[in-house]
Every structure is written in structure tokens, then in C-alpha cells.
file start00.cif (mmCIF, C-alpha atoms)
data_query
#
loop_
_atom_site.label_atom_id
_atom_site.label_comp_id
_atom_site.auth_asym_id
_atom_site.auth_seq_id
_atom_site.Cartn_x
_atom_site.Cartn_y
_atom_site.Cartn_z
CA MET O 27 325.62 80.04 105.87
CA PHE O 28 322.63 78.10 107.12
CA ASN O 29 322.87 77.92 110.90
CA PRO O 30 320.66 75.17 112.32
CA VAL O 31 321.39 76.49 115.80
CA VAL O 32 319.14 79.47 115.06
CA PHE O 33 316.26 77.13 114.21
CA VAL O 34 316.98 74.74 117.06
CA CYS O 35 317.14 77.53 119.59
CA SER O 36 313.90 79.03 118.37
CA VAL O 37 312.24 75.74 119.29
CA PHE O 38 314.41 74.66 122.21
CA SER O 39 314.68 78.15 123.82
CA CYS O 40 318.42 77.76 124.22
CA SER O 41 320.82 80.57 124.95
CA LEU O 42 323.61 81.20 122.49
CA SER O 43 325.39 83.73 124.65
CA ILE O 44 328.88 82.84 125.79
CA TYR O 45 329.41 83.10 129.49
CA ALA O 46 331.33 86.24 130.36
CA LYS O 47 334.41 85.41 132.37
CA THR O 48 333.06 87.49 135.24
CA ASP O 49 329.97 85.24 135.33
CA VAL O 50 332.00 82.10 135.91
CA PRO O 51 333.00 81.50 139.53
CA LEU O 52 336.70 80.91 139.99
CA ILE O 53 335.86 77.72 141.83
CA SER O 54 333.43 76.37 139.18
CA GLU O 55 335.73 73.55 138.12
CA TYR O 56 335.43 72.08 141.60
CA PHE O 57 331.64 71.89 141.71
CA GLY O 58 331.68 68.12 141.30
CA ALA O 59 328.31 66.66 140.29
CA ARG O 60 326.81 70.17 140.35
CA ARG O 61 328.95 71.32 137.43
CA SER O 62 327.30 72.28 134.15
CA TYR O 63 327.87 70.13 131.06
CA GLU O 64 329.20 73.08 129.07
CA GLU O 65 331.94 73.64 131.65
CA VAL O 66 333.21 70.13 130.98
CA ASN O 67 332.83 70.62 127.20
CA PRO O 68 333.72 74.31 126.68
CA HIS O 69 333.47 74.07 122.89
CA LEU O 70 329.69 73.90 123.41
CA LEU O 71 329.77 77.46 124.71
CA GLU O 72 330.47 78.55 121.14
CA ASP O 73 328.02 76.16 119.48
CA ILE O 74 325.74 74.08 121.68
CA LEU O 75 325.09 71.61 118.83
CA SER O 76 328.66 71.12 117.59
CA VAL O 77 329.97 67.57 117.23
CA ASN O 78 333.31 66.16 116.16
CA THR O 79 332.69 63.13 113.98
CA SER O 80 336.41 62.48 113.70
CA ILE O 81 336.34 60.91 117.17
CA LEU O 82 334.61 57.94 115.56
CA GLN O 83 337.31 55.95 113.80
CA PRO O 84 336.08 52.47 112.87
CA LYS O 85 338.62 49.83 112.05
CA SER O 86 337.60 49.73 108.40
CA PRO O 87 335.01 51.29 106.06
CA GLN O 88 333.08 48.03 106.22
CA CYS O 89 332.34 48.59 109.91
CA ARG O 90 328.73 49.62 110.41
CA GLN O 91 326.85 50.72 113.50
CA ILE O 92 324.13 48.30 114.55
CA HIS O 93 323.39 49.22 118.17
CA LEU O 94 323.91 51.99 120.69
CA THR O 95 323.29 51.95 124.43
CA ALA O 96 323.40 55.29 126.25
CA ILE O 97 323.39 55.62 130.02
CA ILE O 98 322.59 59.26 130.73
CA ARG O 99 322.22 61.31 133.88
CA HIS O 100 319.26 63.65 134.16
CA GLY O 101 319.76 67.31 133.26
CA THR O 102 320.32 70.31 135.48
CA ARG O 103 317.93 70.22 138.44
CA TYR O 104 316.84 72.30 141.39
CA PRO O 105 318.28 71.44 144.80
CA THR O 106 316.39 68.84 146.83
CA THR O 107 314.16 69.81 149.75
CA LYS O 108 316.89 68.91 152.24
CA SER O 109 319.42 71.11 150.43
CA VAL O 110 316.96 74.01 150.19
CA GLU O 111 316.34 73.87 153.93
CA LYS O 112 320.09 74.09 154.56
CA MET O 113 320.37 76.98 152.07
CA GLN O 114 317.58 78.87 153.81
CA GLU O 115 319.27 78.30 157.12
CA ILE O 116 322.64 79.68 155.97
CA HIS O 117 320.91 82.61 154.28
CA GLN O 118 319.18 83.60 157.52
CA LEU O 119 322.45 83.25 159.37
CA VAL O 120 324.18 85.66 156.97
CA LEU O 121 321.30 88.14 157.15
CA ARG O 122 321.63 88.27 160.93
CA ASN O 123 325.39 88.82 160.74
CA THR O 124 325.99 92.54 161.27
CA SER O 125 329.69 92.43 161.98
CA GLY O 126 330.97 91.77 158.51
CA ASN O 127 331.73 94.58 156.06
CA SER O 128 332.76 92.63 152.95
CA SER O 129 331.17 93.74 149.67
CA TRP O 130 330.00 90.25 148.86
CA LEU O 131 328.43 89.94 152.30
CA HIS O 132 326.66 93.26 151.80
CA GLU O 133 325.43 92.06 148.40
CA ILE O 134 323.87 88.94 149.91
CA GLN O 135 322.24 90.97 152.66
CA THR O 136 320.82 93.73 150.47
CA LEU O 137 320.62 92.59 146.84
CA TRP O 138 320.33 88.81 146.78
CA SER O 139 317.04 87.16 147.73
CA MET O 140 316.39 83.55 148.69
CA TRP O 141 314.34 82.26 145.79
CA TYR O 142 314.83 78.53 146.36
CA THR O 143 311.77 76.85 147.89
CA VAL O 144 311.29 73.39 149.35
CA ASP O 145 308.67 72.48 146.73
CA MET O 146 311.36 72.56 144.04
CA ASP O 147 312.66 69.28 145.51
CA GLY O 148 315.14 68.32 142.80
CA LYS O 149 312.84 68.97 139.86
CA LEU O 150 314.30 69.45 136.38
CA VAL O 151 314.87 73.10 135.49
CA GLN O 152 314.43 74.51 131.97
CA LYS O 153 318.19 74.44 131.53
CA GLY O 154 317.98 70.71 132.33
CA VAL O 155 315.35 70.24 129.64
CA ARG O 156 317.66 71.94 127.16
CA ASP O 157 320.59 69.82 128.36
CA LEU O 158 318.83 66.65 127.23
CA LYS O 159 317.36 68.15 124.05
CA HIS O 160 320.77 69.37 122.94
CA LEU O 161 322.38 66.05 123.82
CA ALA O 162 319.78 64.23 121.73
CA VAL O 163 320.56 66.45 118.74
CA ARG O 164 324.31 65.98 119.09
CA LEU O 165 324.04 62.20 119.42
CA SER O 166 321.76 62.01 116.38
CA LYS O 167 324.41 63.92 114.42
CA LEU O 168 327.13 61.55 115.62
CA PHE O 169 325.12 58.38 114.97
CA PRO O 170 322.59 59.23 112.25
CA SER O 171 322.17 55.63 111.11
CA LEU O 172 321.05 54.56 114.60
CA ILE O 173 319.34 57.60 116.09
CA SER O 174 317.01 58.37 113.21
CA GLU O 175 313.41 59.40 112.70
CA GLU O 176 312.71 56.10 110.95
CA LYS O 177 313.96 54.07 113.91
CA LEU O 178 312.15 56.23 116.45
CA ARG O 179 308.83 56.00 114.64
CA GLY O 180 309.41 52.30 114.04
CA GLY O 181 309.75 51.64 117.75
CA LEU O 182 313.41 50.66 117.46
CA ILE O 183 314.59 53.19 120.04
CA LYS O 184 313.80 52.12 123.59
CA PHE O 185 313.63 54.49 126.56
CA ILE O 186 314.12 53.32 130.15
CA THR O 187 313.98 55.71 133.08
CA SER O 188 314.19 55.96 136.83
CA SER O 189 310.86 56.74 138.49
CA LYS O 190 312.16 60.10 139.76
CA HIS O 191 310.37 62.99 138.09
CA ARG O 192 313.64 64.62 137.00
CA CYS O 193 314.60 61.42 135.17
CA VAL O 194 311.17 60.97 133.60
CA ASN O 195 311.21 64.59 132.42
CA SER O 196 314.77 64.22 131.14
CA THR O 197 313.65 61.20 129.11
CA LEU O 198 310.75 63.18 127.67
CA ALA O 199 313.11 66.06 126.88
CA PHE O 200 315.56 63.75 125.09
CA LYS O 201 312.76 62.31 122.96
CA ALA O 202 311.35 65.76 122.29
CA GLY O 203 314.81 66.86 121.19
CA LEU O 204 314.77 64.21 118.48
CA THR O 205 311.26 64.87 117.21
CA GLN O 206 311.77 68.64 117.27
CA LEU O 207 315.07 68.25 115.44
CA TRP O 208 313.38 66.50 112.54
CA ALA O 209 310.64 69.12 112.54
CA ILE O 210 313.38 71.76 112.41
CA GLU O 211 314.91 70.05 109.36
CA ASP O 212 311.38 70.53 107.74
CA MET O 213 311.82 74.23 108.73
CA ALA O 214 315.27 74.32 107.05
CA LYS O 215 313.59 73.18 103.84
CA ALA O 216 310.93 75.85 104.31
CA ALA O 217 313.61 78.54 104.57
CA PHE O 218 315.32 77.14 101.47
CA ASP O 219 311.99 77.09 99.64
CA LEU O 220 311.32 80.71 100.63
CA CYS O 221 314.63 81.72 99.07
CA ALA O 222 313.84 79.73 95.91
CA TYR O 223 310.24 80.91 95.54
CA GLU O 224 311.11 84.56 96.14
CA PHE O 225 313.67 84.39 93.33
CA ALA O 226 311.47 82.34 90.99
CA ILE O 227 308.40 84.54 91.47
CA LYS O 228 309.84 88.00 92.17
CA SER O 229 313.38 87.68 90.77
CA VAL O 230 314.82 88.92 94.05
CA SER O 231 317.37 87.53 96.45
CA SER O 232 315.42 87.53 99.70
CA PRO O 233 316.86 87.68 103.22
CA TRP O 234 315.98 83.99 103.60
CA CYS O 235 318.83 83.16 101.23
CA HIS O 236 321.36 84.37 103.80
CA PHE O 237 320.70 81.34 105.97
CA PHE O 238 322.62 79.22 103.46
CA ASP O 239 326.01 79.13 101.81
CA LYS O 240 326.96 77.12 98.73
CA ASP O 241 327.73 73.95 100.68
CA ASP O 242 324.38 74.14 102.45
CA ALA O 243 322.57 74.61 99.14
CA GLN O 244 324.34 71.62 97.58
CA ILE O 245 323.25 69.46 100.50
CA MET O 246 319.67 70.68 100.23
CA GLU O 247 319.72 69.98 96.51
CA TYR O 248 321.08 66.48 97.08
CA ALA O 249 318.35 65.77 99.64
CA SER O 250 315.74 66.72 97.03
CA ASP O 251 317.45 64.68 94.30
CA LEU O 252 317.73 61.71 96.65
CA LEU O 253 314.00 61.78 97.33
CA GLU O 254 313.08 62.01 93.64
CA PHE O 255 315.65 59.36 92.67
CA TRP O 256 313.94 56.77 94.84
CA LYS O 257 310.39 58.03 94.40
CA ARG O 258 310.22 58.74 90.66
CA GLY O 259 313.67 58.04 89.26
CA TYR O 260 316.01 55.07 89.02
CA GLY O 261 315.62 53.90 92.61
CA TYR O 262 312.99 51.31 91.69
CA ASP O 263 312.17 49.87 88.27
CA ILE O 264 308.43 50.42 88.78
CA ASN O 265 308.95 54.20 89.10
CA SER O 266 309.44 54.75 85.39
CA LYS O 267 306.82 52.23 84.34
CA VAL O 268 304.03 54.63 85.31
CA SER O 269 305.01 56.40 82.07
CA CYS O 270 304.22 53.40 79.88
CA ILE O 271 300.97 54.94 78.63
CA LEU O 272 302.64 58.27 77.88
CA PHE O 273 305.58 56.52 76.22
CA HIS O 274 303.31 54.48 73.92
CA ASP O 275 301.14 57.51 73.23
CA VAL O 276 304.16 59.51 72.04
CA PHE O 277 305.43 56.77 69.74
CA SER O 278 301.98 55.89 68.40
CA ARG O 279 301.67 59.54 67.37
CA LEU O 280 305.10 59.47 65.73
CA ASP O 281 304.21 56.21 63.97
CA LYS O 282 301.01 57.73 62.63
CA VAL O 283 302.87 60.73 61.23
CA ALA O 284 305.57 58.45 59.78
CA ASP O 285 302.92 56.32 58.05
CA GLU O 286 301.11 59.40 56.68
CA ASP O 287 304.38 60.85 55.39
CA LYS O 288 305.44 57.54 53.83
CA SER O 289 302.13 57.16 51.99
CA GLY O 290 302.19 60.76 50.75
CA GLN O 291 299.23 61.82 52.83
CA PRO O 292 299.12 65.22 54.54
CA VAL O 293 300.10 65.12 58.19
CA THR O 294 296.92 65.43 60.22
CA GLU O 295 298.60 66.48 63.47
CA ALA O 296 301.55 68.81 63.02
CA VAL O 297 302.07 69.73 66.66
CA THR O 298 300.95 68.25 69.95
CA VAL O 299 301.50 70.10 73.22
CA GLN O 300 301.00 68.18 76.45
CA ILE O 301 301.25 70.01 79.78
CA GLY O 302 301.86 68.07 82.97
CA HIS O 303 304.02 68.07 86.07
CA ALA O 304 307.56 67.31 87.15
CA ASP O 305 306.02 63.97 88.14
CA THR O 306 305.01 63.53 84.50
CA LEU O 307 308.35 64.36 82.95
CA LEU O 308 310.79 62.72 85.36
CA PRO O 309 309.46 59.14 85.05
CA LEU O 310 309.43 59.50 81.26
CA LEU O 311 313.04 60.70 81.16
CA THR O 312 313.93 57.84 83.48
CA LEU O 313 312.12 55.32 81.28
CA LEU O 314 314.08 56.58 78.27
CA GLY O 315 317.35 56.27 80.20
CA PHE O 316 318.34 59.92 80.52
CA PHE O 317 320.57 61.10 83.40
CA LYS O 318 321.39 57.64 84.71
CA ASP O 319 324.58 57.59 86.77
CA SER O 320 326.78 54.55 87.24
CA GLU O 321 326.05 54.50 90.98
CA PRO O 322 322.65 54.99 92.63
CA LEU O 323 322.13 57.98 94.89
CA THR O 324 322.14 57.03 98.58
CA SER O 325 322.25 58.85 101.88
CA THR O 326 325.88 57.77 102.36
CA ASN O 327 327.55 58.62 99.05
CA TYR O 328 326.91 62.35 98.80
CA ALA O 329 330.65 63.10 98.65
CA THR O 330 331.15 60.90 95.58
CA GLN O 331 328.06 62.16 93.77
CA ARG O 332 329.15 65.77 93.28
CA GLU O 333 329.42 65.19 89.51
CA ARG O 334 326.18 63.23 89.16
CA THR O 335 323.99 63.82 86.13
CA PHE O 336 320.74 63.17 88.02
CA ARG O 337 320.16 66.73 89.21
CA LEU O 338 316.69 68.22 89.23
CA SER O 339 318.20 71.71 89.23
CA ARG O 340 319.35 71.09 85.67
CA MET O 341 316.73 68.60 84.52
CA LEU O 342 313.43 69.93 85.81
CA PRO O 343 313.19 73.70 86.28
CA TYR O 344 309.80 75.35 85.93
CA ALA O 345 308.52 74.98 82.36
CA ALA O 346 310.95 72.11 81.74
CA ASN O 347 310.29 70.54 78.36
CA PHE O 348 311.17 67.41 76.44
CA ILE O 349 310.63 67.81 72.70
CA LEU O 350 310.77 65.25 69.91
CA VAL O 351 310.97 66.60 66.35
CA LEU O 352 310.42 64.21 63.45
CA TYR O 353 312.19 65.11 60.18
CA ASP O 354 311.71 63.82 56.66
CA CYS O 355 315.15 64.00 55.09
CA GLY O 356 314.04 62.65 51.69
CA ASP O 357 313.84 59.19 50.21
CA GLY O 358 312.03 57.79 53.24
CA ASP O 359 314.78 58.94 55.62
CA LEU O 360 312.88 59.89 58.76
CA ARG O 361 314.93 61.22 61.63
CA LEU O 362 314.06 62.10 65.20
CA GLN O 363 315.69 64.90 67.15
CA PRO O 364 315.26 65.03 70.95
CA LEU O 365 315.61 68.30 72.85
CA LEU O 366 315.52 68.87 76.59
CA ASN O 367 314.81 72.39 77.77
CA GLU O 368 315.36 73.59 74.18
CA LYS O 369 318.81 72.00 73.92
CA PRO O 370 319.66 69.01 71.71
CA VAL O 371 320.34 65.83 73.65
CA THR O 372 321.29 62.32 72.68
CA PHE O 373 319.17 59.26 73.30
CA PRO O 374 321.09 57.21 75.88
CA GLY O 375 322.95 54.37 74.21
CA MET O 376 322.64 55.83 70.70
CA ALA O 377 325.74 58.01 70.55
CA ASP O 378 326.90 56.34 67.35
CA GLN O 379 323.66 56.83 65.42
CA HIS O 380 324.08 60.43 64.24
CA ALA O 381 323.78 61.35 67.90
CA SER O 382 321.67 64.50 67.71
CA MET O 383 319.30 63.26 64.99
CA PRO O 384 319.20 59.46 64.62
CA GLU O 385 317.00 57.58 62.17
CA TYR O 386 313.51 57.13 63.53
CA LEU O 387 313.56 53.39 62.82
CA HIS O 388 316.80 53.08 64.80
CA VAL O 389 315.17 54.86 67.74
CA ARG O 390 312.23 52.46 67.61
CA GLN O 391 314.65 49.55 67.45
CA HIS O 392 316.57 50.93 70.40
CA TYR O 393 313.40 51.05 72.50
CA ARG O 394 311.83 47.90 71.06
CA ALA O 395 311.63 46.17 74.44
CA LEU O 396 309.59 49.04 75.85
CA LEU O 397 307.46 49.35 72.74
CA SER O 398 306.54 45.68 72.90
CA GLY O 399 306.42 45.11 76.64
CA CYS O 400 305.89 48.30 78.64
CA ASP O 401 302.24 47.76 79.52
CA PHE O 402 300.81 49.93 82.29
CA GLU O 403 298.10 47.50 83.36
CA THR O 404 300.55 44.62 83.56
CA GLU O 405 303.20 46.60 85.39
CA CYS O 406 300.90 48.26 87.90
CA GLN O 407 298.18 45.71 88.58
CA LEU O 408 297.65 44.58 92.14
CA PHE O 409 297.81 40.83 92.31
CA SER O 410 294.84 39.38 94.13
CA HIS O 411 295.29 36.65 96.68
CA PRO O 412 292.77 33.92 97.47
CA SER O 413 290.65 34.87 100.44
CA GLU O 414 291.02 32.77 103.53
CA ASP O 415 287.98 30.83 104.69
#
call {"tool": "encode", "arguments": {"input": "start00.cif", "output": "C-alpha cells"}}
result
Amino acid sequence: MFNPVVFVCSVFSCSLSIYAKTDVPLISEYFGARRSYEEVNPHLLEDILSVNTSILQPKSPQCRQIHLTAIIRHGTRYPTTKSVEKMQEIHQLVLRNTSGNSSWLHEIQTLWSMWYTVDMDGKLVQKGVRDLKHLAVRLSKLFPSLISEEKLRGGLIKFITSSKHRCVNSTLAFKAGLTQLWAIEDMAKAAFDLCAYEFAIKSVSSPWCHFFDKDDAQIMEYASDLLEFWKRGYGYDINSKVSCILFHDVFSRLDKVADEDKSGQPVTEAVTVQIGHADTLLPLLTLLGFFKDSEPLTSTNYATQRERTFRLSRMLPYAANFILVLYDCGDGDLRLQPLLNEKPVTFPGMADQHASMPEYLHVRQHYRALLSGCDFETECQLFSHPSED
């Protein structure tokens, strides 16, 4: 199972160890404002980034988050100069005490050293930096629509801080927690890619694959599909129109062969092989209407899209291919068979026209709007605006 804590901790330098009971003072629950955050939220001792989204129960599904205000105390800090001076004073007093024979007193006198100095003066400690980084990650998981990379980079998240250095540094740590989190999610993709490339290239299941379980992989796949859906798929109408030239080129070639066959001439081009990219094939398949689901893919409907047809894992593996085979079935009966990845498919919307091998003229009729109107220059031109004097 993919464990983001491993990645987060590699960047945030957090400790995953659970406090041993002997390390927790019996009086720790009475430390007041000096108590650690994990002591108040003990579930974080098991997983410092765990959140319980069930605590958020809006009145109805139509409720949407539009604003969040967070008032946060700075993270764990050193004692102030005044406190350090008092600590040094009590330490010297204990060192001079020769009458006691308690083991703990002996430990202070012989093993423990005063390491607190007045120049610490309430500064944020590294644990305090991690406190705020971890909090930032947890809040972004609880409120992903508000605490997002898009909103941070768009200046929609405002930071206000006290002038005290521990508050300024806590603010910087909180912000760093967010930016590092999103960088870590790039790292999660890198680990996923390592697993995929190792198998694709070497046919081996590499150790990188052990970061993920099936649920993790499905989420990673959906993230990839979501990107391609809006970038080159059905997200925007213009996405598929970049294939207008390719679309017309394919049908002009088929028309030429059909005309040659109809007139009894030898076919001058029996086979055409065109090699391109996933970016070449996906817009064409989209233009033709393949793998179009009833609902668009969004960041909020993952749970209802488990049975979606728009899945790059099935559509566009390496060497993916879309093949059109034109048949002469006698007496001018030309038929066109589409295959995707060497498997017969049906042109969307033509299930009743001898699905696997419809008449070529019916296919042309089916796509008549594209054949007459899908013009690359028209679709993709940049409209000029009059210059201002």
C-alpha cells in the first residue's frame, strides 16, 4: 500500500516512532500549554498525517465550502530567556544538594546536563516546524477544495502572523508544508511511474510497486485519466478539433480508394501506416466519439466513475493502434471495419448498421458534420482584436 507518510517524512524529517510508555511522564497530561499536540490527539502517534473526514457532516450534499479561517498557535518552542534563567538556577541548586540519595536526583547530578541557553529565547524548535507542516497537510486533506495548490498559487490563501519570530517561522513552516505536500504528490507519481516503467521495459515487478495497493493504483490511474480527459479528451470541445486535419486525411484516403475501386482502377495505396503519439490518437478517438461516458470526469466523482469507459489503461497502452479496413463486398458494397488495439469495435452511434462492419457510405453519413465542417484553421485560429490607439 502506498504510504504517503514515508514520502512526507523524508521531506519533513518527521519521526514515525511511537512514544514508548516509559518515555511519557506520568504527569504529561497536566502540562497545560506546554503539552505536545500528539498527546491531545493520540491517534497521530500512529499516523501523524491521519484525518477523519467523517467529522465533516454538511447539512446536505449541496453544501459547499467557500471559506476557511484558521487561528493557529505557533508550534513547539524553546523556553524563553526568563524561563531558562530559572531552569539554570534550579539545576545549580540540585547540583549543590549532597544530602539526597534518590536515583532520579543522582541522574540529574551525574547524567543530565543543562543544555538550555538564554539565546534560545522562545524560538521555534524543529519539532515545532514539523508541528505546523503536519497540520498544514492534515487540513489540506480535510478541506481540499479550499486549501489547494491552485488557491495558494493564485494568492487566495492569506497568511497573517504575529511579529514574534516563533510565529513568523510557524507561518513559513505551514506554507512550506503545503508546497512540499504537492511536491511529494509529484514524487508519488514518480514512484508509480518507476513501477510502471520497470514492468514495461524489463517485465519485472520492481520494489517500487510495493508502495501501492490496488486502491492506490486506481486513484493514480484516475488522476491520469482526469488530466487527459480535460486536456485532450471530452473536457473541452476544442480538444478533439486538433485532429481535424488527421480526420480529413484518413477519409480523403478512403474516398480515393473507394473511387478507384468503383471505377475498376487498381488501388494505388494498399496500406498506410502513420506513427504518432498518445496525443495523436486520443483526440482522434475523442473526435470520433469513442469512450464517451454519460458523465464527465471530475475531481469529485471518482467514486461513481469506477465503471467509466474513458480509461487510458485500456485505450492507450504503448503501441496502441486504431485501424480502419475498407472491404469491397461485391456489387459496389464497400464496408469499413474499425479495430482498436487489434480488436473490432463499433463506431459510436452506429450499433444498428452491421455494427462491426458498416457500409462505408453510412459511416460517411454518420460523420457528415465533421466531414463538412471540421476545419482546423477555422477551429484553431486566434481571433485578432483591433489595436488600441
call {"tool": "resolve_selection", "arguments": {"input": "start00.cif", "expression": "the PyMOL selection byres ((chain O and resi 372) around 6)", "output": "list in words"}}
result
Val371, Phe373, Ala381 and Ser382 of chain O
call {"tool": "atom_distance", "arguments": {"input": "start00.cif", "atom1": "CA of Arg90 in chain O", "atom2": "CA of Leu182 in chain O"}}
result
16.9 Å
call {"tool": "residues_around", "arguments": {"input": "start00.cif", "residues": "Tyr353 in chain O", "least_positions_apart": "3", "cutoff": "12 Å", "atoms": "only C-alpha atoms", "output": "MDAnalysis selection string"}}
result
chainID O and resid 280 283:284 287:288 296 350 356:364 383:386
call {"tool": "residues_around", "arguments": {"input": "start00.cif", "residues": "Phe255 in chain O", "least_positions_apart": "6", "cutoff": "8 Å", "atoms": "all atoms listed in the file", "output": "NGL selection string"}}
result
:O and (261 or 323 or 336)
call {"tool": "residues_around", "arguments": {"input": "start00.cif", "residues": "Leu310 in chain O", "least_positions_apart": "6", "cutoff": "9 Å", "atoms": "all atoms listed in the file", "output": "ChimeraX atom specification"}}
result
/O:266-270,272-273,316
call {"tool": "write_last_selection", "arguments": {"input": "start00.cif", "atoms": "C-alpha atoms", "output": "PDB file, keeping the file's coordinate frame"}}
result
ATOM      1  CA  SER O 266     309.440  54.750  85.390  1.00  0.00           C
ATOM      2  CA  LYS O 267     306.820  52.230  84.340  1.00  0.00           C
ATOM      3  CA  VAL O 268     304.030  54.630  85.310  1.00  0.00           C
ATOM      4  CA  SER O 269     305.010  56.400  82.070  1.00  0.00           C
ATOM      5  CA  CYS O 270     304.220  53.400  79.880  1.00  0.00           C
ATOM      6  CA  LEU O 272     302.640  58.270  77.880  1.00  0.00           C
ATOM      7  CA  PHE O 273     305.580  56.520  76.220  1.00  0.00           C
ATOM      8  CA  PHE O 316     318.340  59.920  80.520  1.00  0.00           C
TER       9      PHE O 316
END
call {"tool": "resolve_selection", "arguments": {"input": "start00.cif", "expression": "the PyMOL selection byres ((chain O and resi 335) around 7)", "output": "number ranges by chain"}}
result
O: 317-319, 333-334, 336-337
call {"tool": "closest_residue", "arguments": {"input": "start00.cif", "among": "O:His236, O:Arg340, O:His392, O:His93", "to": "Lys184 in chain O", "atoms": "all atoms listed in the file"}}
result
O:His93
